[in-house]
Each structure stands twice: as C-alpha cells, then as structure tokens.
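For reference, the structure discussed in these notes is given below.
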Amino acid sequence: GGDASEPSEGPTAITVATYPVMSNAAVYIGVEEGIFADNGLDVTLETITSGPDSVPTLLSGDLTFTSIDVPTLINATKEDVGLVAVGAMMVGVDVDRGYVGVVAAPDKGIEDWADLEGKKVGVNALGSTPVALISASMEAVGADPSTVQWVQIAQPETIPALQAGQLDAANLAQPLLTAAEEAGFEQVGNPEQLTVGGVPTFLYVTTREYAEKNPEVVAAFQESLNASGEIANGDHELAIETAKKSTTVDPAVLDKVTGLPMWGSKPLTTEDLQKFIDVLVNAGQLDESDASIADQMIWNG
Amino acid sequence: MKAFRNGVSLLAIEIWLPLLLVVLWWTVSEYVNSLYFPPLRVIMEAFAENWLVPDKALSNLVPSLQLIIVAYSLAVVAGIVFGTTLGLVRPLERAVRPIVEAMRAVPGVALLPLFIVLFGIDQPMRILLVAFGAMWPVLLNTLDGVRGVEPTLLDMTRSYRVGRVRRLFQVILKSAGPQIFAGARISLAVTLIIMVVAETVGADGGVGYFLMTAKSEFRISAMWSAMVALGILGYILNIIFRIAERYVLRWHRLQQARLERTS
Amino acid sequence: MNASTEVTRAPRADRRGPSTFGWLLIQTGAVVLAGGIWWLASGFFPAGAIPTPPEVLGRLGQLVLTGEFWSAIGITVGTFALALTVSIVVAVPLGLVIGASTFWTQSTRLLFDFLRTIPPIALLPLLLLVLGADFEMVFGLAVLGAIWPILIQSIYAARQGEALLVDMSAAYRIPRGWFIRHIFVPGALPFVMTGVRLGTTICLLLTISGQLLGAAPGLGHEIAAAQAWYDTPRMYAYVLVAAILGLIVNAGVWAAQRRLLRWHPSVRGESR
Amino acid sequence: MTSNSTPAQGAASTTVAALEARGLGHSYGPRQILGGIDFSVEQGEFVCIVGPSGVGKTTLLRCLSGLQVSTAGELHVLGSVVKEPQPGVALVFQDYSRSLMPWASVLENVTLPLRANRVSKKDANARAYEALEQVGLAAAVGDQYPWQLSGGMQQRVAIARALAYDPTVLLMDEPFASVDAQTRSDLEDLVLRLQRRLGLTVILVTHDIDESVYLSDRIVVLAGSPAHVAEIVDVPLGAERDQIGTKSDPAFATTRAHVHNLVRAAAAVSPSTGTARVVDVP
Amino acid sequence: MTSNSTPAQGAASTTVAALEARGLGHSYGPRQILGGIDFSVEQGEFVCIVGPSGVGKTTLLRCLSGLQVSTAGELHVLGSVVKEPQPGVALVFQDYSRSLMPWASVLENVTLPLRANRVSKKDANARAYEALEQVGLAAAVGDQYPWQLSGGMQQRVAIARALAYDPTVLLMDEPFASVDAQTRSDLEDLVLRLQRRLGLTVILVTHDIDESVYLSDRIVVLAGSPAHVAEIVDVPLGAERDQIGTKSDPAFATTRAHVHNLVRAAAAVSPSTGTARVVDVP
Ligand SMILES: Nc1ncnc2c1ncn2[C@@H]1O[C@H](COP(=O)(O)OP(=O)(O)OP(=O)(O)O)[C@@H](O)[C@H]1O
Ligand SMILES: Nc1ncnc2c1ncn2[C@@H]1O[C@H](COP(=O)(O)OP(=O)(O)OP(=O)(O)O)[C@@H](O)[C@H]1O
Ligand SMILES: [Mg+2]
Ligand SMILES: [Mg+2]
C-alpha cells in the first residue's frame with residue numbers, strides 16, 4: 001500500500017541501514033532534499049555490510065529499516081523471521097550495461113551468455129540472485145546453465161581471483177564492475193536485462209511487529225522513498241554527486257562509474273515479487289511449493 | 001581420589017558440568033522466545049536431521065576433515081620449525097620480530113586476495129590460509145619453550161658434544177614439549193575457527209560452508225546444529241590430541257602429579 | 001651450574017651484540033627489506049591486485065591528516081584495550097584456578113574444548129542481536145576470541161611449577177594467598193605470557209573483524225568501506241595500520257614480558 | 001668457642017617428645033621405601049640421621065616434616081598426630097637450588113616465609129640480613145638472584161632462610177654438602193650454638209659421619225630395603241662441643257668408628273639400589 | 001686394591017700439557033671473578049681444585065671445559081687455543097640434578113652423549129649399564145626417571161654418564177658431595193683406578209681436603225676476589241693410594257694440614273661474599 005497518512009506531531013526518529021556503496025544514493029538524496037523530513041521522519045543512516053547480517057540488528061530494534069535482496073527475504077519468510085517488505089530499494093536495470101554485470105577476461109572467449117557453458121563463474125553465494133539471473137539469461141539464449149561451475153566468492157576477492165585466472169567469469173556490482181573493466185576485463189552482459197528488468201531486486205524491510213504498530217511511519221517512509229527514487233532516477237549526476245558526499249570514496253573512482261542502479265520509485269506489489277520468484281523457480285533455486293510465498297513477504301498496510 | 005580413578009568415574013568427572021549446563025540450557029531455552037536462540041530441543045532436531053544422516057553429514061564433514069587434518073599438520077610443523085629457528089637464533093628473532101608481530105596482526109581480508117592470487121580458490125588455498133592462521137600459537141609457544149630450556153642441560157649437551165640434531169630433538173624440543181603442546185591445543189581450535197571463514201571462499205561443502213549458508217538463510221536451528229557439530233568435532237579432536245599428549249609427555253604428567261598434592 | 005647462565009646461554013651476537021639503538025636499526029633494516037620484497041612481489045601480481053608500498057604509504061599519508069582516521073583508530077584501540085584487559089583479568093585467574101585442580105581441569109575440559117571450537121564469527125548474529133551493531137558487540141566478539149588462548153595457556157601454566165617450591169611453601173606454612181602471589185603465579189608466568197601474546201593479537205584481529213563484519217565504527221569499518229569501493233591502496237593503508245598497531249601492542253607485551261620474566265632463562269640472555 | 005647456654009636436654013622442660021615416629025612406613029607407588037620406622041626425638045635434642053645413599057633419609061625427613069603423609073604408621077608432634085606441616089618447623093632441602101625461587105632476589109627468598117607469616121617488612125629484612133650474615137654471606141648478596149650465586153652460596157641462602165624463620169624444630173637434609181671445609185665447620189658450630197641457646201630440636205641428615213658424631217646427641221642409622229632403624233647410637237660427648245677438643249675425645253673416635261661400621265654394613269647391601277657395592281674395575 | 005697400571009705421570013708420554021691456563025680471567029658483567037689464573041695440567045695427571053665457597057672454582061672449571069669463554073687470558077688444550085668444548089672431555093656438573101633430563105630415563109640420560117657421538121645403541125647401553133654398575137646403581141635404576149631417584153643416586157647417574165663417555169679428560173665439580181661416606185670412598189677409588197689404568201687427566205673440584213690430598217697429584221688452591229692461585233701444592237704420596245695406608249702416611253697429614261691452612265686463610269677473607277666469616281651468635 002502506498003497511501004500516505006500524514007503524521008501530525010513532531011518528526012518520528014527512524015534508523016535506516018545503508019551499504020557503503022551507491023545503491024543508497026536515493027535515500028541520501030531524500031534526506032538531503034528534506035523529503036523524509038517533510039513526511040515527518042527524522043532519519044539516521046547506519047552503514048551495514050551485509051543484508052542478512054543486519055537482520056539481528058533490525059530485530060533488536062537498533063535499525064528500523066534495512067535492505068535485503070529478494071531471495072534473502074524469501075528465506076526469512078520461510079523461516080518465519082517476521083520481516084515484511086515495505087518498498088523497493090532497487091529494480092532490475094533493463095539495459096545491457098547496468099548496475100550489475102558479468103565480466104570475463106578477454107582471452108577466455110566469452111562474449112555472450114551462451115559462452116558461459118562449462119565455465120567457472122564466480123558469484124557471491126551459491127543459492128543467490130546472480131545464479132538465478134545468470135541461469136535464466138543463459139536459458140533465454142538457449143544455453144544450458146547446468147554445465148556452469150559456480151564458485152562462491154565474496155565481491156572484494158573476485159577481481160584478484162579473476163586476475164589470477166582462477167575464474168573464467170564473475171558476477172560483479174558497481175563500483176567493482178567498473179574497477180574490473182579498468183583492470184581489463186570485459187562485460188559479457190547484464191544478468192538483469194533479460195530476466196528482471198523493471199522488477200524490484202532489493203527491498204526495504206522492517207519487522208512485521210513494527211509495521212503493525214507504526215503503519216503511519218511505514219507509510220511515510222514508503223512515500224519518501226518513492227519520491228527520492230524518482231529524483232535519483234531522473235538525475236544521475238545528482239546521484240553521483242551525492243555518492244561523493246555521502247561516502248568516503250575517492251571521487252575519481254566515482255567519475256569513472258558508468259551504469260547506475262535503478263531506484264525504486266513505485267509502490268511495491270505482490271506481482272512484482274512474484275515475477276522475481278518465478279525466475280528463481282525456473283532456475284531451480286526455489287521449490288515450486290514455495291512459489292506462492294509472495295503474499296506473506298509484503299506489507300499491505 | 002585414586003580409587004575413584006577408573007574409566008567410568010573419569011568420564012563422570014568430565015561430563016557432570018557440561019551435562020548440568022546442557023540441562024540448564026535445555027530448560028531455559030524452552031522459555032526464550034527469540035529467533036536466534038531457538039530451544040535446544042529444536043537444535044537437536046536440526047542436528048539429527050543434518051548431522052546424523054550419513055549422506056548429508058559426510059558431504060559436509062569430509063571436506064572439513066580433510067582441511068583440518070592437512071592444515072593442522074602443516075600449522076604444527078611450520079610452527080615448530082619456525083618457532084625453533086627463531087628460538088635458537090636469537091639475533092635473527094630479534095631482527096625479524098617487528099615483521100613477525102606485524103604479520104600476525106594482518107587482518108584476514110588482506111590475506112585472502114593474496115592467497116587467492118598465489119594459491120587459487122580451491123582446497124589448497126583454504127588449507128594454506130588455515131595453516132597460516134593456526135600456526136601462530138604453536139610458533140610462539142615453541143619459541144618461548146625453546147628459550148626456556150634449563151641452561152644446565154644445554155651446558156651438558158655442549159660439554160658432551162651432543163650434536164645439533166640430537167640436542168634439538170632430544171633436549172630442546174623435549175624440554176619445550178609441554179609448552180609446544182599447550183600451543184598445539186590452542187591451534188587446534190584456531191584451525192576449526194579459521195576453517196569456517198575459509199570455507200566461505202570457493203567451497204561448496206564443509207561444516208563452515210553449511211554454517212555460513214544456514215546463517216544467511218535464517219535457518220537458525222541449522223546454524224546452531226553446525227556449531228554443535230563443530231563443538232563435538234573439536235572435542236573429539238581434542239581427545240585424540242590428549243592421547244598423543246599423554247603418551248609424549250608421560251614424564252611430565254608423572255612428575256607434575258607431585259604438584260597436585262599441595263596446590 | 002645454572003648460575004652462569006647469562007654468559008653461556010646467549011649466542012655471541014647477543015652477548016656483545018648491538019645496543020638497543022643498534023637493534024632498532026637492524027629491525028628497521030629488516031622491515032625495509034620486507035617492504036622491498038613486497039614492492040618487488042607486487043610487480044608479479046596482476047596490476048592493481050597488490051598495491052605497491054609507495055601507493056599505500058602515499059594514501060596513508062593522506063589519511064593521517066583526516067579526523068576520521070584518528071577517530072577510527074581511537075575507537076579500535078579503545079575497544080581492543082578494554083577487551084584485552086577484560087580477557088586477561090578473567091582468563092588468567094580462572095585458568096590458573098582450574099589448572100591447579102585436577103577435578104576442575106577434568107570437569108571443564110569437555111566444555112572448553114567444545115566451546116573453543118565455535119567460531120566467534122558464527123556468533124556474530126547473536127551478538128548483534130543482544131548487543132547491537134556497536135562498540136559492545138565488537139567488544140564481546142574480541143573477548144570471546146581472546147579469552148580462549150589465555151585461558152587454555154593459563155590452565156597449562158598451573159601445572160608447570162617446580163614441585164620443590166610447592167613443598168617449600170608447605171614446609172614454611174606459607175598461606176595460600178602468599179603462595180599464589182609469590183610462588184604459584186611467578187612460576188606459571190612464562191606460560192601465561194605466551195598466552196597473553198597470542199590473545200593480544202587475536203583480540204586486535206577480532207576487534208577489527210567485528211567492526212568489519214558488523215559494520216560497527218572503527219578501523220575494520222574503514223577497511224570494509226575501502227573494500228566495497230575497490231579502493232585497494234586505501235584498504236591496504238588501513239591493513240598496514242592494523243599491522244602497525246599489532247606491532248606496537250606486542251612491543252608493549254614484550255616489554256612487559258622482559259620485565260616480568262627477567263629471571264627466566266628465556267629472557268636472561270636478552271640483556272637491555 | 002663460647003657456650004652461653006644450658007645443655008640441650010636441660011632446655012626440654014616437658015616430657016612429651018618433640019617428634020615421635022611409630023611404625024612409620026612409606027611407599028612410592030608399589031615400591032616400599034620405609035618399613036616401620038620407630039624413634040622419637042626429645043625437645044631440644046640434636047639428632048642426626050645417617051645411612052647409605054638412596055636408603056630413604058630424605059623420604060623420612062619429608063614424612064617427619066609433614067610434607068608427605070606416610071603410607072603406614074603414625075607421626076606425633078608434641079603428642080598429637082599430624083598429617084601436614086606444623087608451624088615452627090623449618091626445612092632445608094637437599095636439592096637446595098631448586099628450593100629457591102629464581103624470580104625472587106636472595107633477600108626476598110629469605111624473607112618470604114617471614115612476611116607470609118605476618119612479620120613486618122622491617123623486621124623480616126632485619127632478620128634476613130642477620131641470618132645471611134650468620135651463614136657468611138654479605139648483605140650485597142641479598143640483591144642478587146639465586147642463580148647468580150655459586151652452589152655453596154645458594155645452599156647457605158637456604159640455610160639462612162631456615163634460620164631467619166626462627167623455628168623450634170629444624171630439619172636439615174645434607175645442609176653443608178656444598179660448602180668448603182672451613183665454612184662447613186663454622187656452620188656446624190653456628191647451628192650447634194643456636195640449638196643450645198634457643199633450645200631448638202634439630203634433625204639433620206648427613207653423609208659425614210664425623211659431622212654426625214660432632215653435632216648430635218643421638219644418631220639414627222637407617223639400613224635395608226625397605227629401610228628400618230639399624231641402630232640408634234647415643235653420643236657420649238656431653239653438651240659442650242668444639243671442633244678440636246671434641247674431635248680428639250677418645251669417645252668421639254669410638255662412636256665414629258661404630259657408626260662408620262654400621263653405615264658400611266648398611267651400604268654393603270646397598271638397599272634401594274638393589275645390587276652389590278661399587279664394582280671393581282675389571 | 002689392585003693397581004694394574006703404570007703411574008699416571010708415566011702414562012703421559014708427550015711433554016705438551018693436557019690443559020694450560022695463562023692469565024685466565026673471567027667476569028660476569030662488571031664483576032670480575034677470576035683474575036689471571038696460571039696453571040697447567042699434564043696429561044694423565046690428577047689435579048684437585050680447592051677454595052672457599054664462591055671463590056670461582058665452578059667458573060674456572062667451566063672455562064677449562066670450554067663451556068665458557070674466559071674474558072681474559074688464554075686456555076690451551078694439548079697445545080692449541082680453544083674456545084669451545086673439546087672432544088674427549090667429560091664434565092660432572094655441581095648442579096647434577098639440573099643436568100639430568102627429566103623426560104628421559106636414567107639409561108637414556110647416560111647413553112645420550114654416546115649415541116650422539118655415534119656409538120651404536122647396543123654398545124651405548126652396554127657401556128651405560130657398566131658405568132651404572134660401577135657407581136653402585138642397579139640395572140633396574142636405568143628404567144627410572146632421574147627425579148624418582150634420591151639425591152645421591154642422581155649424582156651417581158651424572159658420574160656414570162661421564163664415565164660411560166670414556167673421556168680422556170674428566171672434569172668433576174664436587175662430584176661426591178651427596179653420597180654417603182662408604183659410597184664416597186668407593187667412588188674415589190673408582191675414579192683413581194680408572195685414572196691410573198686409562199691414563200686419564202682428571203681435574204676435580206672438592207671441598208673435602210682429605211679427599212683432595214688422597215686423590216690428587218697436585219692441589220690448586222684458589223683464593224681472593226678476584227680469585228687467583230694462592231698456591232699449587234704438590235702431593236708427595238706417590239702413585240699408589242689406598243684409603244687406609246695413604247691416609248695414615250705422615251706426608252698425608254702434613255699436606256692435609258698445609259692445604260687446610262691455605263683454605264682457611266682464603267676463607268678468612270671470604271672472597272666473593274665480601275664480608276668476614278660466619279658470625280658469632282650475639
Ligand atoms: N651467572 C652469574 N652471574 C653473576 N655472578 C655469578 C654468576 N655465576 C656465578 N657468579 C658469581 O661468581 C662467583 C664464583 O662462583 P662459582 O660458582 O664459580 O663459585 P665456586 O667456587 O664454585 O663456589 P662453590 O664452592 O660454592 O660452588 C660467586 O661469587 C658468584 O656469585
Ligand atoms: N618421587 C619418587 N618416585 C619414586 N621413587 C622415589 C621417589 N623419590 C625417591 N624415590 C626412591 O626412594 C628411595 C629413597 O630415596 P631418598 O631420597 O629418601 O634417599 P636418601 O636416603 O635421601 O638418599 P641420598 O642420600 O642419596 O639423598 C630411593 O631408592 C629412590 O629411588
Ligand atoms: Mg636424600
Ligand atoms: Mg661451585
């Protein structure tokens with residue numbers, strides 16, 4: 001639900017988790033531009049390094065909202081953690097050079113999805129979005145993803161592993177994607193393009209308990225989020241400038257970044273989630289029996 | 001006490017406290033309503049499901065055991081070799097001390113890319129990474145033990161012209177034995193701990209892999225069951241270790257038995 | 001004859017060896033040599049994988065001028081110091097007490113062997129839940145990591161005493177408190193000190209890891225941020241800072257060891 | 001040689017024995033070392049224990065001190081059964097160098113038992129310095145570590161520790177084995193004087209038969225395996241002793257010869273070593 | 001007493017000294033212990049070193065053994081300057097109990113130097129058992145740990161280790177301090193016989209002046225601080241010695257008295273302890 005309910009009294013304090021990368025630019029812009037304040041929210045931003053690891057903090061109440069990817073929320077829902085999605089942080093980018101990408105060394109002869117057959121491909125976790133998306137992308141061009149050898153490797157170690165020839169290709173997100181290109185690797189494609197273009201991939205979540213107690217805060221948060229996403233999507237330069245201010249990163253690195261994320265700017269719907277879930281089911285990452293889980297994942301304030 | 005000391009009562013002494021705590025845990029956890037602290041009952045169900053079914057258990061235990069055995073052996077050997085070298089050649093030790101101390105304090109995040117570039121992303125890299133981290137307790141203990149040898153004994157070996165090799169193996173290392181064993185015991189636990197981290201890189205099985213995956217998938221009782229498995233693994237390894245220690249340090253145990261009386 | 005130890009034990013180079021300042025020069029030389037090897041080696045790695053020493057030092061030079069750098073170090077050092085102090089204060093007496101009694105050694109063995117093998121990293125979510133993503137969590141993690149080596153080493157240490165000194169104190173009816181303070185603890189100290197040196201480094205590493213993984217402020221957090229942005233020189237600059245911190249802290253522990261154990265054969269040879 | 005005290009036996013005003021062993025036996029595991037030792041020591045008496053090496057003298061002394069609970073028989077101190085070290089008993093260990101704390105200075109080694117028994121630091125230091133002086137060690141030695149001293153000096157530190165403790169019962173296990181002849185006779189006279197003056201009960205293990213006769217009122221000769229009391233020899237030399245006069249007393253020579261023969265006979269079966277005597281070169 | 005060897009001096013066929021110290025000095029840090037020691041020991045000679053406790057005898061012996069490089073002067077062994085322990089030199093440490101490895105059985109303790117010098121296991125064991133028997137220890141003792149033995153037995157293990165080593169130069173630091181009188185004289189005779197029969201060079205530190213006169217060809221008396229050679233006393237007793245005959249020789253008594261006076265004079269200034277002698281009880 002996206003219906004705004006105006007808070008009447010002073011601003012409500014909330015704490016929102018952010019990653020030390022640019023996926024959060026929208027929230028930063030929203031805070032900078034006073035959008036959250038206009039909706040009666042006093043936002044504190046807390047940096048986190050991993051979505052799943054921020055869940056305990058959310059449960060302990062030190063965070064009000066955090067962001068996790070769809071498979072993580074599916075797992076949390078299956079395990080009854082009590083999380084609900086309240087909005088989209090990012091949605092899949094519909095172009096061939098996006099926020100995420102698969103890179104390969106030029107001498108490996110990997111030029112498109114089909115060439116990944118039988119190759120060693122690095123992903124951050126074996127049961128994760130990238131595996132599903134790359135598999136689906138391969139299937140979309142008629143290749144057989146079951147021949148791929150998936151290798152679990154954390155993002156920061158991926159480039160060294162590529163350089164050492166330990167991997168044929170790997171899935172990376174910005175800014176590592178740009179860094180890999182700088183280091184001479186070539187983009188094979190954007191795994192979101194053929195699969196989840198326009199579909200939310202990263203979600204803002206809170207606990208069901210909190211949402212039930214504070215529906216108006218959630219609503220205000222959703223309102224602000226979408227407005228912020230709107231601005232960020234429309235002004236990439238502003239997004240970059242915000243990233244320069246909001247992170248400690250070397251501005252020179254940021255200037256090189258091509259391919260930005262697409263931020264959520266519309267109310268989240270069950271259908272959106274279902275699209276993602278279907279991709280996962282098709283890729284064999286999710287059991288058919290869990291395919292109707294979308295309803296329980298979302299907050300319908 | 002002495003009459004007490006048959007196998008059964010030894011076991012009794014060894015398990016009364018853990019048993020008590022388990023009962024306590026079992027009872028208290030039934031009433032704790034927290035996702036991350038499931039009832040012990042549930043944990044044990046998850047344990048039975050994941051670690052008592054041979055197929056499932058083996059796919060996780062085999063890679064881990066292989067890693068533990070090889071990495072731990074390497075760590076102990078390397079620790080003893082380097083520790084002895086540095087302990088015997090004092091000027092060398094003093095000269096490289098800053099480097100050694102700095103190296104010990106390098107966080108794993110910096111080592112991982114290095115190890116990947118050097119050794120790949122497969123089992124050998126994990127083994128070396130674990131061995132590197134687990135080597136330090138043995139190394140430091142060996143270093144200190146080698147230096148603490150009774151000076152009169154060293155004089156004795158010099159005066160009787162006992163060659164270097166024999167002096168090393170029959171006097172210095174034996175004298176340092178108790179301390180080396182203390183280090184090796186710590187290394188054993190460190191091996192298991194680093195293993196968990198190492199198994200997040202390139203692995204597709206192993207206790208650590210299972211644990212970290214369960215954690216990120218919110219399968220909390222499965223995660224706890226992995227910790228229980230690690231604990232049991234640690235305990236079993238420590239028993240093997242203790243048997244070796246009892247055998248090698250027999251003299252020390254007998255000699256120190258005299259201490260118990262008064263202290 | 002143990003009396004003349006000082007002279008016979010120490011290798012010649014140590015005996016008429018360099019002064020403290022001389023050693024400092026030698027050690028600096030060794031560090032420079034290691035830096036040289038690093039520089040050479042970084043050439044063999046694919047470009048950018050391992051930054052060169054000048055890159056890292058250059059970045060470090062920029063960092064030291066910023067306030068964040070010092071506040072990150074301040075938080076890290078503070079957490080570490082507190083965690084180490086707590087670990088030592090808890091683990092050393094506990095270990096010695098347990099080690100001194102066969103009953104308690106055996107009673108706690110299973111428990112400790114079990115608990116020790118549980119990786120602190122696996123406990124991270126639990127700590128985050130209970131203590132929040134903050135100083136307390138990092139502190140808890142560091143204590144959980146550092147306490148074991150100190151504890152185990154102290155348990156072993158309790159068994160190292162000279163039996164005759166135990167007899168001596170019994171014969172002279174030295175009360176328990178005095179015995180512990182003047183005979184038991186000094187005799188156990190050589191072993192305990194090794195444990196403290198191990199614990200010190202583990203404590204520092206876990207302080208940094210806790211900040212890194214739990215996104216609590218401090219050095220680890222800075223490393224994580226640099227990593228996320230693939231700012232390798234910056235990451236290595238912070239890693240270098242971590243290593244230097246380890247170096248400084250351990251130099252302190254060494255100095256303490258030299259003072260506390262100046263009577264022990266392991267230290268007697270190392271004059272000044 | 002000044003003797004400013006009443007004879008030792010006179011100092012023992014009560015009739016209850018300082019130490020009394022009844023059927024005392026000790027085994028290390030399955031090996032029985034002491035088999036039924038009976039003897040008693042009066043208060044203020046000076047008793048020496050002699051016997052071949054390995055017969056069990058140290059073991060006996062450890063039992064008498066209460067350090068070791070004998071596995072058979074009973075030990076009475078001042079009439080009551082004891083199972084642990086008693087106050088007022090000082091022990092000089094045979095393995096003196098190991099009985100000194102390597103981490104403590106000589107002074108600290110000597111004062112520790114005093115400080116631990118509530119003697120003020122000032123008094124303890126004063127007594128320690130006095131004792132060190134008595135055993136012929138300079139005050140400067142007090143600041144050194146024991147392992148910086150020669151063997152004989154370490155032994156004297158151990159003796160000084162016992163003397164400073166101001167014991168009523170002094171147990172000494174070959175206390176003068178590592179000092180030169182001159183120092184040895186000086187120390188003998190020192191212990192003798194202290195014993196006479198303060199009415200100490202002294203039990204001293206020695207291998208030097210001259211020393212045992214010179215010092216003691218009675219000599220306990222141990223023999224056999226397990227060890228038993230071969231004979232308790234009364235020394236008919238009176239309370240006054242001095243190195244030249246006493247040793248030229250005919251009674252000294254006869255007692256000496258008697259004890260010598262006893263020890264020789266005991267050594268001939270070389271009790272706890274199991275075989276015959278030192279063997280001839282083939 | 002069988003003497004089946006030529007006199008010791010006869011055994012020394014060459015004129016070069018076994019050991020020669022020239023102006024040997026040693027300091028521990030700032031403290032000078034030995035100040036210019038000059039003396040030489042012929043091959044096959046038996047020399048005793050005596051002197052007050054703490055004078056520097058052990059230090060001197062350690063320098064002679066090459067364990068310790070003297071800080072002044074020179075040491076020649078068979079004519080060449082040495083700075084480290086030489087083959088064929090065995091040393092019995094004053095601190096015998098610390099010189100035995102606690103983790104090794106008695107047998108292993110005795111065989112270690114042999115095995116380390118390439119003696120086969122069988123031979124080493126045979127030699128070890130022979131040496132243990134010579135010092136009066138039963139074969140069964142070989143299986144025990146040193147710390148399960150009495151002090152005197154440990155000391156004899158240390159002696160056995162030196163004997164089994166089959167040295168040409170034997171350095172002994174108060175080797176008989178912890179054994180009973182009977183064993184002591186047996187051991188004295190044992191060393192004397194071996195020395196005569198094998199032409200060993202023996203340097204023995206002792207506090208027992210009778211022993212030094214009985215055993216040696218010459219006695220080096222150390223005195224002062226820093227220590228110097230007060231006198232080198234020739235013992236005019238010939239090569240044949242036996243416990244009864246030799247000790248009743250009038251020359252024995254005069255030598256004994258002479259050495260006694262020298263040591264007493266040396267002890268009177270109590271060199272390294274810095275103060276006067278053992279003090280009278282006030
Ligand atoms: N490691 C050392 N450091 C400092 N001084 C020492 C050391 N070892 C010995 N000394 C000093 O050197 C002097 C001589 O010692 P040494 O052991 O040679 O005497 P000694 O003649 O063998 O005496 P004893 O008969 O008591 O064994 C002593 O005053 C002692 O304090
Ligand atoms: N801890 C022990 N374990 C086993 N046996 C022991 C132990 N201590 C001593 N013994 C044995 O007990 C016997 C007597 O030893 P003890 O030390 O009492 O002899 P001692 O008469 O003092 O000899 P010495 O004159 O050589 O010191 C010896 O045969 C020794 O082997
Ligand atoms: Mg004894
Ligand atoms: Mg000496």
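Following the order of the structure tokens, chains are lettered A, B, ..., residues in each are numbered from 1, and ligands are numbered from 1.
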
Site check for ligand 4: residues at most 10 Å away, only C-alpha atoms and all ligand atoms, as a PyMOL selection string: (chain C and resi 1+3) or (chain D and resi 149-154+178-180) or (chain E and resi 51-62+93-95+173-174+205-207)

Contacts of Leu57 in chain C at 10 Å (only C-alpha atoms; same-chain gap of 5+ positions) as a ChimeraX atom specification: /C:51-52,62-63,233-234,236-237,240

Long-range neighbours of range 79-84 of chain A as a ChimeraX atom specification, 12 Å cut-off, only C-alpha atoms, 5 positions minimum in chain: /A:52,55-56,58-59,64-68,70,72-74,203-212,218,268,270,290,293-301 /B:33-36,38,214-222

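If you measure from each of B:Ala110, B:Thr152, B:Ala189, B:Leu92 to ligand 1 using only C-alpha atoms and all ligand atoms, the closest one turns out to be B:Thr152.
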
Contact residues around Gly202 in chain B with only C-alpha atoms at 7 Å, ignoring same-chain residues under 3 positions, as an MDAnalysis selection string: (chainID A and resid 151:153) or (chainID B and resid 121:122)

File of the preceding selection, C-alpha atoms, as an mmCIF file, in the first residue's frame:
data_model
loop_
_atom_site.group_PDB
_atom_site.id
_atom_site.type_symbol
_atom_site.label_atom_id
_atom_site.label_comp_id
_atom_site.auth_asym_id
_atom_site.auth_seq_id
_atom_site.Cartn_x
_atom_site.Cartn_y
_atom_site.Cartn_z
ATOM 1 C CA VAL A 151 32.183 -20.705 -7.414
ATOM 2 C CA GLN A 152 31.262 -18.937 -4.217
ATOM 3 C CA ILE A 153 33.459 -15.920 -3.684
ATOM 4 C CA ILE B 121 40.430 -20.688 -4.836
ATOM 5 C CA ASP B 122 40.312 -24.381 -4.176
#

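By chain and then residue number, the residues within 7 Å of range 84-90 of chain B are B:Ile80, B:Arg94, B:Thr142, B:Leu143, B:Asp144, B:Val146, B:Arg147, counting only C-alpha atoms and disregarding those fewer than 4 positions away in sequence.
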
Just to be explicit: take each residue in the selection above, keep N, CA and C atoms, and write the result as a CSV table (one decimal), in the first residue's frame.
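Final output, again-v7.csv:
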chain,number,residue,atom,x,y,z
B,80,ILE,N,56.5,-25.3,14.7
B,80,ILE,CA,57.6,-25.9,15.4
B,80,ILE,C,58.9,-25.5,14.7
B,94,ARG,N,65.3,-11.4,16.9
B,94,ARG,CA,65.1,-10.0,17.3
B,94,ARG,C,65.1,-9.1,16.1
B,142,THR,N,56.5,-22.5,20.9
B,142,THR,CA,57.8,-23.2,20.6
B,142,THR,C,58.9,-22.2,20.9
B,143,LEU,N,58.7,-21.0,20.3
B,143,LEU,CA,59.8,-20.0,20.5
B,143,LEU,C,60.1,-19.8,22.0
B,144,ASP,N,59.0,-19.7,22.8
B,144,ASP,CA,59.2,-19.4,24.2
B,144,ASP,C,59.8,-20.7,24.9
B,146,VAL,N,61.5,-23.1,23.6
B,146,VAL,CA,62.9,-23.4,23.3
B,146,VAL,C,63.9,-22.5,24.1
B,147,ARG,N,63.4,-21.3,24.3
B,147,ARG,CA,64.3,-20.4,25.1
B,147,ARG,C,64.3,-20.7,26.6

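Distances from C:Cys203, C:Leu164, C:Leu124, C:Ala170 to chain E were compared using only C-alpha atoms, and the smallest one belongs to C:Leu164.
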
Nearby residues (only C-alpha atoms) at most 9 Å from Leu40 in chain B, same-chain spacing under 3 positions excluded, as a PyMOL selection string: chain B and resi 22+25-30+37+43-45+221+224

Near-Trp70 in chain C list (12 Å; only C-alpha atoms; drop same-chain fewer than 6 positions) as a PyMOL selection string: chain C and resi 60+63-64+76-78+217-219+222+238+241
